[in-house]
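J.: Input: one structure, supplied below.
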Amino acid sequence: MLLLSIALFVSDRVCGQQMSKLKISANKRFFQTADGKPFFWLGDTGWLFFTKCSREESLYYLDTRKEQGFNVIQVMVLHTLSAKNVYGHSALKDGDISKPIVTPGNDVNDKEAYDYWDHVDFIIEEAAKRGIYIALVPIWGSAAKDESVTADKAEQYAMFLANRYKKYANIIWLNGGDIEGSIKTDVWQVIGSTIKRYDPEHLMTYHPRGRYSSADWFHHEQWLDFNMFQSGHRTYAQDTSSREKHRYGEDNWRYVVDGYQLQPAKPILDGEPSYENIPYGLHDSTQPRWSAHEVRRYAYWSVFAGGAGFTYGENAIMQFHQPGDAGTNFGVTGSWKETITAPGALQMRYLKSLMLSYDYFDRKPAQEIIVDNDHTRYDYILATKGKNYALVYTYTGRNFKVNITKLGFVPSKALWYSPKDGTQTNVATFPRAEIIAFDPPGNPENGNDWVLILKK
């Protein structure tokens with residue numbers, strides 16, 4: 001009996017069970033661990049992680065992201081039907097989604113034993129040791145468009161995935177993959193429902209095409225536990241497609257507002273905003289590149305609007321680019337091992353730290369506290385509050401006014417919080433009045449962003 005207990009303990013640790021499976025909070029707006037602790041989703045986009053990184057590179061990437069505060073990595077299981085990893089192992093037999101290639105054993109030194117799925121297992125297990133969740137995209141949207149990917153074959157594949165990975169605590173499922181839910185809907189429905197049938201304990205969402213939300217097609221599906229939207233990589237000026245249902249430009253906070261109004265209530269977050277160092281609009285490498293302060297704006301805007309977290313992305317990291325690689329995209333030039341310390345990546349931890357510094361589950365959007373918030377685009381102010389605190393974000397550092405009577409408490413302290421470095425500065429004095437004007441440090445300009453903290 002003792003030997004059995006020891007064996008079960010070792011098995012649990014190997015399978016990542018020392019981590020807690022994620023749950024939806026009681027108010028249906030946030031994530032929490034199984035033991036009730038707040039979980040702020042701070043994701044990184046590592047789409048080609050399974051195919052581009054060796055075991056040694058995987059550990060370097062996971063160690064670095066852990067140190068930087070990231071707790072979710074979004075990864076494609078299959079980018080293409082011909083997917084191979086760095087060891088030359090194919091995921092599928094003859095590109096057939098219903099035929100994963102699985103060999104006996106998992107010894108990395110035995111080429112015949114260590115297969116594609118063993119490498120996926122290794123990364124998931126190592127991520128668990130570091131407290132990191134892996135958000136798995138079963139098959140990318142462009143690959144799913146192939147006529148060979150039928151609902152019947154997708155069901156077999158989804159059953160394989162669910163049965164193989166349900167034992168790991170640190171799994172999240174991202175159905176879809178940069179595609180509208182109206183395309184190959186039968187495939188997405190069967191993947192979602194099949195995985196949920198065989199693995200009911202892990203959370204699942206849908207990763208949509210740019211300028212769309214999973215709620216546009218699947219909000220009421222039983223397999224969808226929370227909503228994810230892709231605010232995308234275009235500027236306001238580039239957002240001209242007549243196909244888009246919601247042409248909000250860079251106003252990613254609007255997707256959160258939309259999601260907040262839906263019933264039943266479900267958490268929502270931006271799972272793909274503009275990536276740092278990627279050209280405006282993606283495809284023209286002569287365009288300016290999205291910078292750290294623009295990434296911060298997407299993060300704070302969406303979270304203060306009510307988002308349950310945020311996923312960061314960087315051009316070289318998301319495709320694990322190294323100089324000399326074939327088949328690179330989006331004008332990428334730098335090595336991922338250099339851009340892993342890009343300024344935006346280093347600054348994301350300050351958002352996570354700020355949100356976890358206050359009572360978490362009572363937080364809600366608080367636009368009503370901002371007076372005359374009729375500015376648009378970069379000058380728009382976003383606010384959120386709890387029972388004894390309020391947070392106000394300005395991207396440009398312009399002056400704004402707060403209606404103190406709508407806070408629900410009387411503030412005794414005010415501070416400026418810097419999204420650039422997490423430092424806090426006391427607001428020396430502020431008048432005792434119903435409406436108070438606040439003047440952020442510095443001159444108004446894009447990227448002079450600040451968070452006003454009001455405390456009871």
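Each chain in the structure tokens gets a letter, A, B and so on, in the order shown; residues start at 1 in every chain, and ligands are counted from 1 in the order they appear.
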Might you pull out every residue within 12 Å of range 83-95 of chain A, with only C-alpha atoms counted and same-chain residues fewer than 6 positions away left off, and present them as a ChimeraX atom specification?
T.: /A:48-58,76-77,101-103,108-120,138-140,143-144,146-149,153,157,320
J.: So which one's closest to Arg130 in chain A, A:Glu67, A:Asp96, A:Glu338, A:Asp152? Using only C-alpha atoms, please.
T.: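 The shortest atom-to-atom distance to Arg130 in chain A comes from A:Glu67.
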J.: Hey, can you check how far CA of Gln189 in chain A sits from CA of Tyr275 in chain A?
T.: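 About the pair CA of Gln189 in chain A and CA of Tyr275 in chain A: they are 28.7 Å apart.
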J.: I'd like to know which residues of range 123-184 of chain A are helix (DSSP H, G or I) (by DSSP, run on the backbone); could you write them as a CSV table (one decimal) with N, CA and C atoms, in the first residue's frame?
T.:
chain,number,residue,atom,x,y,z
A,123,ILE,N,7.6,19.4,-22.6
A,123,ILE,CA,7.4,20.9,-22.4
A,123,ILE,C,6.3,21.1,-21.3
A,124,ILE,N,5.2,20.4,-21.5
A,124,ILE,CA,4.1,20.6,-20.5
A,124,ILE,C,4.6,20.3,-19.1
A,125,GLU,N,5.3,19.2,-18.9
A,125,GLU,CA,5.8,18.8,-17.6
A,125,GLU,C,6.8,19.8,-17.0
A,126,GLU,N,7.6,20.4,-17.9
A,126,GLU,CA,8.6,21.4,-17.4
A,126,GLU,C,7.9,22.7,-17.1
A,127,ALA,N,6.9,23.0,-17.9
A,127,ALA,CA,6.1,24.2,-17.6
A,127,ALA,C,5.5,24.1,-16.2
A,128,ALA,N,4.9,22.9,-15.9
A,128,ALA,CA,4.2,22.7,-14.6
A,128,ALA,C,5.2,22.9,-13.5
A,129,LYS,N,6.4,22.5,-13.6
A,129,LYS,CA,7.4,22.6,-12.6
A,129,LYS,C,7.7,24.1,-12.2
A,141,GLY,N,-6.1,27.4,-37.6
A,141,GLY,CA,-7.2,27.6,-38.5
A,141,GLY,C,-6.9,27.4,-39.9
A,142,SER,N,-5.7,27.8,-40.4
A,142,SER,CA,-5.3,27.6,-41.8
A,142,SER,C,-5.1,26.2,-42.1
A,143,ALA,N,-4.6,25.4,-41.2
A,143,ALA,CA,-4.5,23.9,-41.4
A,143,ALA,C,-5.8,23.2,-41.4
A,144,ALA,N,-6.7,23.7,-40.6
A,144,ALA,CA,-8.1,23.1,-40.5
A,144,ALA,C,-8.9,23.3,-41.8
A,151,ALA,N,-15.0,16.6,-39.9
A,151,ALA,CA,-15.5,16.5,-38.5
A,151,ALA,C,-15.2,15.2,-37.9
A,152,ASP,N,-15.3,14.1,-38.7
A,152,ASP,CA,-15.1,12.8,-38.2
A,152,ASP,C,-13.6,12.6,-37.8
A,153,LYS,N,-12.7,13.0,-38.6
A,153,LYS,CA,-11.3,12.9,-38.3
A,153,LYS,C,-10.9,13.8,-37.1
A,154,ALA,N,-11.5,15.0,-37.1
A,154,ALA,CA,-11.3,15.9,-36.0
A,154,ALA,C,-11.7,15.3,-34.6
A,155,GLU,N,-12.8,14.6,-34.7
A,155,GLU,CA,-13.3,13.9,-33.5
A,155,GLU,C,-12.3,12.9,-32.9
A,156,GLN,N,-11.7,12.1,-33.8
A,156,GLN,CA,-10.7,11.2,-33.4
A,156,GLN,C,-9.5,11.9,-32.8
A,157,TYR,N,-9.1,12.9,-33.5
A,157,TYR,CA,-7.9,13.7,-33.0
A,157,TYR,C,-8.2,14.3,-31.7
A,158,ALA,N,-9.4,14.9,-31.5
A,158,ALA,CA,-9.7,15.6,-30.2
A,158,ALA,C,-9.8,14.5,-29.1
A,159,MET,N,-10.2,13.3,-29.4
A,159,MET,CA,-10.3,12.3,-28.4
A,159,MET,C,-8.9,11.9,-28.0
A,160,PHE,N,-8.0,11.8,-28.9
A,160,PHE,CA,-6.6,11.5,-28.6
A,160,PHE,C,-6.0,12.6,-27.7
A,161,LEU,N,-6.2,13.9,-28.1
A,161,LEU,CA,-5.6,15.0,-27.3
A,161,LEU,C,-6.2,15.0,-25.8
A,162,ALA,N,-7.5,14.8,-25.7
A,162,ALA,CA,-8.1,14.9,-24.4
A,162,ALA,C,-7.6,13.8,-23.5
A,163,ASN,N,-7.6,12.6,-24.0
A,163,ASN,CA,-7.1,11.4,-23.2
A,163,ASN,C,-5.7,11.5,-22.9
A,164,ARG,N,-4.9,12.1,-23.7
A,164,ARG,CA,-3.4,12.2,-23.4
A,164,ARG,C,-3.1,13.3,-22.4
A,165,TYR,N,-3.8,14.4,-22.5
A,165,TYR,CA,-3.4,15.6,-21.7
A,165,TYR,C,-4.4,15.9,-20.6
J.: Could you pull the residues within 8 Å of range 216-219 of chain A, counting only C-alpha atoms, minus those fewer than 2 positions along the same chain, as a PyMOL selection string?
T.: chain A and resi 181-182+206+212-214+221+224+227
